[in-house]
Each structure stands twice: as C-alpha cells, then as structure tokens.
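One structure is given below, encoded as structure tokens.
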Amino acid sequence: MECNGCEFRPELYYDDQYQIWARREEDGTLTIGMTDISQTVAGKILHVRVRRPGTLRPIGKPVATIESGKWAGPVPNVFDCVIEDANHDVLDDPNLLNIEPYEAWIARVRPSGSVDEALSVMVTGDAAQVGYCERTRREDIHCERGAR
Amino acid sequence: MADHHYLDNEEKSVVIVMTSGPSTAHRCATPFYIGAILASMEAEVSIFFTMEAVKLAQKGVAESFAAMEGGKTIIEFIRDAKAAGVKLYLCKPAMPGYKLTESDIIEEVDEIANASKMADLILACDKSMFF
C-alpha cells in the first residue's frame, strides 16, 4: 500500500506522526525503524548513532540520532524501554535506511512494561493508514527511495 | 562494529549565542543544525538571538533566504531545531536597533529576554558556542 508513493505496511505499529515503525518480535522485544516518510524528509542519511545496549530510554528520550545532509534530529521514543541491540549494517551504511526503510531496522528494544502496553500508544492497520496518508497529503510529501 | 556509533554522553546544557543574520546568510543554518543534533543527543539546548541574529526572528525574514543556493530556508532549520527540543530566546535590548516590536516576532521564539537572561544561561550551562 502507498500514499503519494510512500510505502505503508498495515502490519506494523506507528507513532502518531508516522516517524517510526515498530514490529513485535517473538522474544518480547520490539524492532524500531524509520518510515518511508521519515527517510524521505531526511534525505540521504549520512550518520546514525544509537544509544548503547542496556541503556534505559524513558518516553521522549531518543533511541538514536540521525544526521543527513539537510536534517538532523532524533529517532523518537514513545514508551519506556531498554536498548537491546543496534542494527550494525545500518550503523555502517546508513543509506540503507533510504533504500529499504522497512527492512533496515535501527534498534531492538525491550519495553519496560508489557509489549501490549507499549504498542497501545501506537497506531496500526486501517487507522494508521488513514493518518499516514493524511500526513503525506498535508505536507505534500512524495517519497523517494534508493541510493542518493 | 566500531564503538563510536554508540551514544554515551551524559545530559548536558548548551547555549548557542547566535549573532549572525541575513548579511552573512552562509552562517545562518549550521547553528540550528548543530542545535538539533545536540538536542537529539539529550542536551538541553538554548539558542539566544542577539545582534543581527534578531532579524532572523522577524516574520518573513527566515523564510526568505537560505544558507546555500538551492538549500533549505533558514526557517526550516529553525523549525527542525525546535522540533528536536531546542529553546529559542530573543534579545530584547537588540530589538529597537532593528526596529522590531513584539508583534513582528515569529511564533517559534519561546521567550523575549533581557541580556541578564543570556548571562544566566551562559553561567549555568556546561558548554557555550558562538556563531
């Protein structure tokens, strides 16, 4: 599915601004990545830095920092969690986030509460798609992919 | 994997004193970019506009130019910094020299403050930078 050329995956969970996605893993962790909207807005991503595994991340404290040629900012966090792992492929080649934003995850985190509790603050499925498309229209975002 | 990819810094406060304005356009984007990076690394970041930088806080000015040809406008860099958590202060004593009143100021500015506020911020912060 897509809106303005921005890929949307209904099985994933999103923050209310559609900056990040989260995926439930079998071991009780959540995988976090950037959406197609985010990687497009950022442009070519040059650096990604993740908090060291074992670090507690309260709500609002970034999981990672992204730097591109024209944008710098946090990968936001919407629930209490601890960093479990970083995607070393992405740390070594951040451009992967531009090429395959839904495969090139950034970090795995373990929620401080239950996984269901963490995901309850995110949106998914049809409701998420409506909001995702609404943002692409409101901000006239047309997604671009690939090595830049 | 190289260890330098991990963020380990403790929380700190940083004050960026911004004096550059439209006459040196090429100096007007980077401070906001650096402010956004610092804020996303959890520093408490304040940018204090004084001298010619107060012009950047005048409605319409930061929308009207970029630091490099074809680049993002300065207001976009300001908004990125705000979105990352940076607080913006405007030097009240500098405003009359540029014929600015409070009604001229962009909504992104958090506080119009006296010079003593800048002094307090600098004396209390961990790091200060000047552009």
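By convention in this document, the chains of the structure tokens carry letters A, B, ... by their order, each chain's residues are numbered from 1, and ligands are numbered from 1 in the order they are shown.
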
Interface, chain B side, toward chain A (6 Å; only C-alpha atoms) as a ChimeraX atom specification: /B:5-7,36-37,40,84

Put those residues in a file: N, CA, C and O atoms, as a PDB file, in the first residue's frame.
```
ATOM      1  N   HIS B   5      29.863   4.373  17.087  1.00  0.00           N
ATOM      2  CA  HIS B   5      28.472   4.515  16.666  1.00  0.00           C
ATOM      3  C   HIS B   5      27.530   4.660  17.855  1.00  0.00           C
ATOM      4  O   HIS B   5      26.397   5.078  17.695  1.00  0.00           O
ATOM      5  N   TYR B   6      27.981   4.269  19.038  1.00  0.00           N
ATOM      6  CA  TYR B   6      27.098   4.330  20.197  1.00  0.00           C
ATOM      7  C   TYR B   6      27.157   5.692  20.862  1.00  0.00           C
ATOM      8  O   TYR B   6      28.212   6.317  20.962  1.00  0.00           O
ATOM      9  N   LEU B   7      25.992   6.122  21.343  1.00  0.00           N
ATOM     10  CA  LEU B   7      25.894   7.380  22.064  1.00  0.00           C
ATOM     11  C   LEU B   7      26.060   7.108  23.554  1.00  0.00           C
ATOM     12  O   LEU B   7      25.313   6.329  24.122  1.00  0.00           O
ATOM     13  N   ALA B  36      19.995  21.105  16.767  1.00  0.00           N
ATOM     14  CA  ALA B  36      19.099  19.946  16.646  1.00  0.00           C
ATOM     15  C   ALA B  36      19.830  18.652  16.995  1.00  0.00           C
ATOM     16  O   ALA B  36      19.283  17.781  17.678  1.00  0.00           O
ATOM     17  N   ILE B  37      21.062  18.523  16.535  1.00  0.00           N
ATOM     18  CA  ILE B  37      21.855  17.325  16.858  1.00  0.00           C
ATOM     19  C   ILE B  37      22.069  17.233  18.372  1.00  0.00           C
ATOM     20  O   ILE B  37      21.865  16.171  18.977  1.00  0.00           O
ATOM     21  N   SER B  40      18.945  16.247  20.132  1.00  0.00           N
ATOM     22  CA  SER B  40      18.587  14.837  19.930  1.00  0.00           C
ATOM     23  C   SER B  40      19.529  13.907  20.681  1.00  0.00           C
ATOM     24  O   SER B  40      19.225  12.740  20.873  1.00  0.00           O
ATOM     25  N   ALA B  84      13.320  19.298  17.556  1.00  0.00           N
ATOM     26  CA  ALA B  84      14.244  18.440  18.311  1.00  0.00           C
ATOM     27  C   ALA B  84      14.297  18.842  19.787  1.00  0.00           C
ATOM     28  O   ALA B  84      14.899  18.129  20.589  1.00  0.00           O
TER      29      ALA B  84
END
```

Contact residues around segment 44-52 of chain B with only C-alpha atoms at 6 Å, ignoring same-chain residues under 4 positions, as an MDAnalysis selection string: chainID B and resid 13:21 39 86:91 94

Could you write out the selected residues, including C-alpha atoms, as a JSON list (two decimals), in the first residue's frame?
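Written out: part.json:
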```
[["chain", "number", "residue", "atom", "x", "y", "z"],
["B", 13, "SER", "CA", 23.17, 22.02, 28.81],
["B", 14, "VAL", "CA", 24.45, 24.01, 25.85],
["B", 15, "VAL", "CA", 23.92, 27.65, 24.98],
["B", 16, "ILE", "CA", 24.40, 28.76, 21.39],
["B", 17, "VAL", "CA", 24.73, 32.52, 21.04],
["B", 18, "MET", "CA", 23.63, 33.49, 17.55],
["B", 19, "THR", "CA", 24.82, 36.86, 16.25],
["B", 20, "SER", "CA", 24.87, 36.12, 12.51],
["B", 21, "GLY", "CA", 21.99, 37.38, 10.40],
["B", 39, "ALA", "CA", 19.09, 18.26, 21.48],
["B", 86, "VAL", "CA", 15.77, 23.49, 21.22],
["B", 87, "LYS", "CA", 14.52, 26.60, 23.06],
["B", 88, "LEU", "CA", 14.80, 29.96, 21.33],
["B", 89, "TYR", "CA", 15.41, 33.24, 23.15],
["B", 90, "LEU", "CA", 15.39, 36.71, 21.63],
["B", 91, "CYS", "CA", 17.46, 39.59, 22.96],
["B", 94, "ALA", "CA", 18.74, 44.36, 20.50]]
```

Near-segment 68-83 of chain B list (7 Å; only C-alpha atoms; drop same-chain fewer than 3 positions) as number ranges by chain: B: 26, 28-29, 32-33, 35-36, 62-65, 86-87

Please write the residues from the selection above to a file, keeping C-alpha atoms, as a compact mmCIF listing (two decimals), in the first residue's frame.
```txt
# COMPACT_ATOMS: atom_id res chain seq x y z
CA HIS B 26 26.01 31.25 4.87
CA CYS B 28 22.71 31.06 9.47
CA ALA B 29 21.82 27.36 9.04
CA PHE B 32 20.34 25.36 14.14
CA TYR B 33 21.53 22.06 12.66
CA GLY B 35 21.41 22.66 17.98
CA ALA B 36 19.10 19.95 16.65
CA ALA B 62 13.99 33.50 7.80
CA GLU B 63 11.55 32.27 5.12
CA SER B 64 13.18 34.46 2.51
CA PHE B 65 16.71 33.10 2.23
CA VAL B 86 15.77 23.49 21.22
CA LYS B 87 14.52 26.60 23.06
```

Selection: 12 Å around Asp140 of chain A, only C-alpha atoms, excl. self and same-chain fewer than 6 positions, as a ChimeraX atom specification: /A:3-6,37,40-41,132-134

Strand (DSSP E or B) positions in segment 63-128 of chain B, given as a ChimeraX atom specification: /B:66,73,87-91,105,111-113,127-128

Please dump the current selection as a JSON list (two decimals), in the first residue's frame; keep all heavy atoms.
```json
[["chain", "number", "residue", "atom", "x", "y", "z"],
["B", 66, "ALA", "N", 18.29, 31.29, 2.15],
["B", 66, "ALA", "CA", 18.91, 30.02, 2.54],
["B", 66, "ALA", "C", 20.41, 30.26, 2.73],
["B", 66, "ALA", "O", 20.95, 31.27, 2.27],
["B", 66, "ALA", "CB", 18.68, 28.97, 1.47],
["B", 73, "THR", "N", 15.39, 26.74, 3.46],
["B", 73, "THR", "CA", 15.37, 28.09, 4.02],
["B", 73, "THR", "C", 15.74, 28.04, 5.51],
["B", 73, "THR", "O", 15.63, 26.99, 6.16],
["B", 73, "THR", "CB", 13.98, 28.73, 3.87],
["B", 73, "THR", "OG1", 13.03, 27.90, 4.56],
["B", 73, "THR", "CG2", 13.59, 28.87, 2.41],
["B", 87, "LYS", "N", 15.29, 25.42, 22.65],
["B", 87, "LYS", "CA", 14.52, 26.60, 23.06],
["B", 87, "LYS", "C", 15.15, 27.85, 22.45],
["B", 87, "LYS", "O", 16.38, 27.98, 22.41],
["B", 87, "LYS", "CB", 14.52, 26.73, 24.58],
["B", 87, "LYS", "CG", 13.57, 25.77, 25.23],
["B", 87, "LYS", "CD", 13.29, 26.17, 26.65],
["B", 87, "LYS", "CE", 12.19, 25.28, 27.21],
["B", 87, "LYS", "NZ", 12.07, 25.39, 28.65],
["B", 88, "LEU", "N", 14.30, 28.75, 21.99],
["B", 88, "LEU", "CA", 14.80, 29.96, 21.33],
["B", 88, "LEU", "C", 14.50, 31.20, 22.18],
["B", 88, "LEU", "O", 13.35, 31.40, 22.61],
["B", 88, "LEU", "CB", 14.12, 30.12, 19.97],
["B", 88, "LEU", "CG", 14.32, 28.99, 18.96],
["B", 88, "LEU", "CD1", 13.62, 29.34, 17.64],
["B", 88, "LEU", "CD2", 15.79, 28.70, 18.70],
["B", 89, "TYR", "N", 15.54, 32.00, 22.39],
["B", 89, "TYR", "CA", 15.41, 33.24, 23.15],
["B", 89, "TYR", "C", 15.79, 34.41, 22.24],
["B", 89, "TYR", "O", 16.69, 34.29, 21.40],
["B", 89, "TYR", "CB", 16.35, 33.23, 24.36],
["B", 89, "TYR", "CG", 16.01, 32.19, 25.38],
["B", 89, "TYR", "CD1", 16.50, 30.89, 25.27],
["B", 89, "TYR", "CD2", 15.19, 32.49, 26.46],
["B", 89, "TYR", "CE1", 16.18, 29.92, 26.21],
["B", 89, "TYR", "CE2", 14.86, 31.53, 27.41],
["B", 89, "TYR", "CZ", 15.36, 30.25, 27.28],
["B", 89, "TYR", "OH", 15.05, 29.30, 28.21],
["B", 90, "LEU", "N", 15.13, 35.53, 22.45],
["B", 90, "LEU", "CA", 15.39, 36.71, 21.63],
["B", 90, "LEU", "C", 15.82, 37.85, 22.54],
["B", 90, "LEU", "O", 15.18, 38.12, 23.56],
["B", 90, "LEU", "CB", 14.12, 37.09, 20.87],
["B", 90, "LEU", "CG", 14.22, 38.25, 19.90],
["B", 90, "LEU", "CD1", 15.11, 37.87, 18.71],
["B", 90, "LEU", "CD2", 12.84, 38.63, 19.39],
["B", 91, "CYS", "N", 16.89, 38.51, 22.14],
["B", 91, "CYS", "CA", 17.46, 39.59, 22.96],
["B", 91, "CYS", "C", 16.60, 40.86, 22.85],
["B", 91, "CYS", "O", 16.58, 41.51, 21.81],
["B", 91, "CYS", "CB", 18.89, 39.87, 22.49],
["B", 91, "CYS", "SG", 19.71, 41.15, 23.43],
["B", 105, "ILE", "N", 7.54, 39.37, 15.73],
["B", 105, "ILE", "CA", 8.38, 38.19, 16.01],
["B", 105, "ILE", "C", 7.67, 36.87, 15.66],
["B", 105, "ILE", "O", 6.48, 36.70, 15.93],
["B", 105, "ILE", "CB", 8.77, 38.19, 17.51],
["B", 105, "ILE", "CG1", 9.50, 39.51, 17.84],
["B", 105, "ILE", "CG2", 9.64, 37.00, 17.86],
["B", 105, "ILE", "CD1", 10.67, 39.84, 16.94],
["B", 111, "GLU", "N", 10.91, 32.91, 24.11],
["B", 111, "GLU", "CA", 10.92, 33.97, 25.11],
["B", 111, "GLU", "C", 11.71, 35.18, 24.60],
["B", 111, "GLU", "O", 12.79, 35.02, 24.02],
["B", 111, "GLU", "CB", 11.58, 33.43, 26.39],
["B", 111, "GLU", "CG", 11.50, 34.36, 27.57],
["B", 111, "GLU", "CD", 12.13, 33.74, 28.83],
["B", 111, "GLU", "OE1", 12.09, 32.49, 28.99],
["B", 111, "GLU", "OE2", 12.67, 34.52, 29.64],
["B", 112, "ILE", "N", 11.15, 36.35, 24.80],
["B", 112, "ILE", "CA", 11.90, 37.59, 24.56],
["B", 112, "ILE", "C", 12.52, 37.96, 25.91],
["B", 112, "ILE", "O", 11.81, 38.11, 26.90],
["B", 112, "ILE", "CB", 10.97, 38.70, 24.04],
["B", 112, "ILE", "CG1", 10.41, 38.28, 22.67],
["B", 112, "ILE", "CG2", 11.71, 40.03, 23.95],
["B", 112, "ILE", "CD1", 9.36, 39.21, 22.11],
["B", 113, "ALA", "N", 13.84, 38.05, 25.94],
["B", 113, "ALA", "CA", 14.53, 38.09, 27.25],
["B", 113, "ALA", "C", 15.57, 39.19, 27.29],
["B", 113, "ALA", "O", 16.11, 39.61, 26.25],
["B", 113, "ALA", "CB", 15.20, 36.74, 27.51],
["B", 127, "LYS", "N", 28.30, 24.02, 28.29],
["B", 127, "LYS", "CA", 29.08, 24.43, 27.10],
["B", 127, "LYS", "C", 28.38, 25.60, 26.43],
["B", 127, "LYS", "O", 27.16, 25.63, 26.36],
["B", 127, "LYS", "CB", 29.17, 23.29, 26.08],
["B", 127, "LYS", "CG", 29.72, 21.98, 26.60],
["B", 127, "LYS", "CD", 31.23, 22.01, 26.72],
["B", 127, "LYS", "CE", 31.75, 20.68, 27.25],
["B", 127, "LYS", "NZ", 33.17, 20.76, 27.61],
["B", 128, "SER", "N", 29.18, 26.50, 25.87],
["B", 128, "SER", "CA", 28.57, 27.58, 25.08],
["B", 128, "SER", "C", 29.28, 27.67, 23.73],
["B", 128, "SER", "O", 30.47, 27.36, 23.61],
["B", 128, "SER", "CB", 28.64, 28.92, 25.82],
["B", 128, "SER", "OG", 29.95, 29.22, 26.19]]
```

Backbone-only DSSP, helix (DSSP H, G or I) members of chain B, as an MDAnalysis selection string: chainID B and resid 3:5 22:27 30:40 51:57 74:84 92:94 96:98 102:104 115:124

Segment 100-107 of chain A environment, 7 Å, only C-alpha atoms, sequence neighbours closer than 2 positions dropped, as a ChimeraX atom specification: /A:31-36,85-87,90,96-98,109

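Here the question is which of A:Ile20, A:Cys143, A:Ile83, A:Val115 gets nearest to Gly54 of chain A using only C-alpha atoms, and that residue is A:Ile83.
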
One-decimal distance in Å that lies between atom CA of Gly113 of chain A and atom CA of Cys81 of chain A: 7.9 Å

Close residues, Lys59 of chain B itself excluded, 9 Å, only C-alpha atoms, min 5 positions apart in chain, as number ranges by chain: B: 103-107

Let's have the selection written as a PDB file, in the first residue's frame, with all heavy atoms.
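Listed below is the output, part-v4.pdb:
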```
ATOM      1  N   SER B 103       5.223  42.325  18.111  1.00  0.00           N
ATOM      2  CA  SER B 103       4.264  41.824  17.115  1.00  0.00           C
ATOM      3  C   SER B 103       4.952  41.393  15.814  1.00  0.00           C
ATOM      4  O   SER B 103       4.348  40.733  14.972  1.00  0.00           O
ATOM      5  CB  SER B 103       3.211  42.894  16.817  1.00  0.00           C
ATOM      6  OG  SER B 103       3.842  44.041  16.281  1.00  0.00           O
ATOM      7  N   ASP B 104       6.232  41.745  15.657  1.00  0.00           N
ATOM      8  CA  ASP B 104       6.968  41.359  14.443  1.00  0.00           C
ATOM      9  C   ASP B 104       7.587  39.960  14.549  1.00  0.00           C
ATOM     10  O   ASP B 104       8.154  39.459  13.577  1.00  0.00           O
ATOM     11  CB  ASP B 104       8.143  42.333  14.196  1.00  0.00           C
ATOM     12  CG  ASP B 104       7.685  43.756  13.963  1.00  0.00           C
ATOM     13  OD1 ASP B 104       6.665  43.931  13.286  1.00  0.00           O
ATOM     14  OD2 ASP B 104       8.353  44.680  14.472  1.00  0.00           O
ATOM     15  N   ILE B 105       7.538  39.366  15.729  1.00  0.00           N
ATOM     16  CA  ILE B 105       8.376  38.187  16.007  1.00  0.00           C
ATOM     17  C   ILE B 105       7.672  36.874  15.657  1.00  0.00           C
ATOM     18  O   ILE B 105       6.479  36.700  15.932  1.00  0.00           O
ATOM     19  CB  ILE B 105       8.771  38.193  17.508  1.00  0.00           C
ATOM     20  CG1 ILE B 105       9.499  39.507  17.842  1.00  0.00           C
ATOM     21  CG2 ILE B 105       9.641  36.999  17.858  1.00  0.00           C
ATOM     22  CD1 ILE B 105      10.674  39.839  16.945  1.00  0.00           C
ATOM     23  N   ILE B 106       8.411  35.953  15.082  1.00  0.00           N
ATOM     24  CA  ILE B 106       7.866  34.639  14.700  1.00  0.00           C
ATOM     25  C   ILE B 106       7.453  33.852  15.942  1.00  0.00           C
ATOM     26  O   ILE B 106       8.039  34.023  17.027  1.00  0.00           O
ATOM     27  CB  ILE B 106       8.878  33.811  13.877  1.00  0.00           C
ATOM     28  CG1 ILE B 106      10.204  33.620  14.638  1.00  0.00           C
ATOM     29  CG2 ILE B 106       9.128  34.466  12.519  1.00  0.00           C
ATOM     30  CD1 ILE B 106      11.195  32.707  13.943  1.00  0.00           C
ATOM     31  N   GLU B 107       6.471  32.992  15.752  1.00  0.00           N
ATOM     32  CA  GLU B 107       5.922  32.249  16.894  1.00  0.00           C
ATOM     33  C   GLU B 107       6.894  31.192  17.439  1.00  0.00           C
ATOM     34  O   GLU B 107       6.708  30.685  18.544  1.00  0.00           O
ATOM     35  CB  GLU B 107       4.609  31.579  16.502  1.00  0.00           C
ATOM     36  CG  GLU B 107       4.758  30.518  15.416  1.00  0.00           C
ATOM     37  CD  GLU B 107       3.427  29.929  14.964  1.00  0.00           C
ATOM     38  OE1 GLU B 107       2.394  30.618  15.107  1.00  0.00           O
ATOM     39  OE2 GLU B 107       3.436  28.791  14.463  1.00  0.00           O
TER      40      GLU B 107
END
```
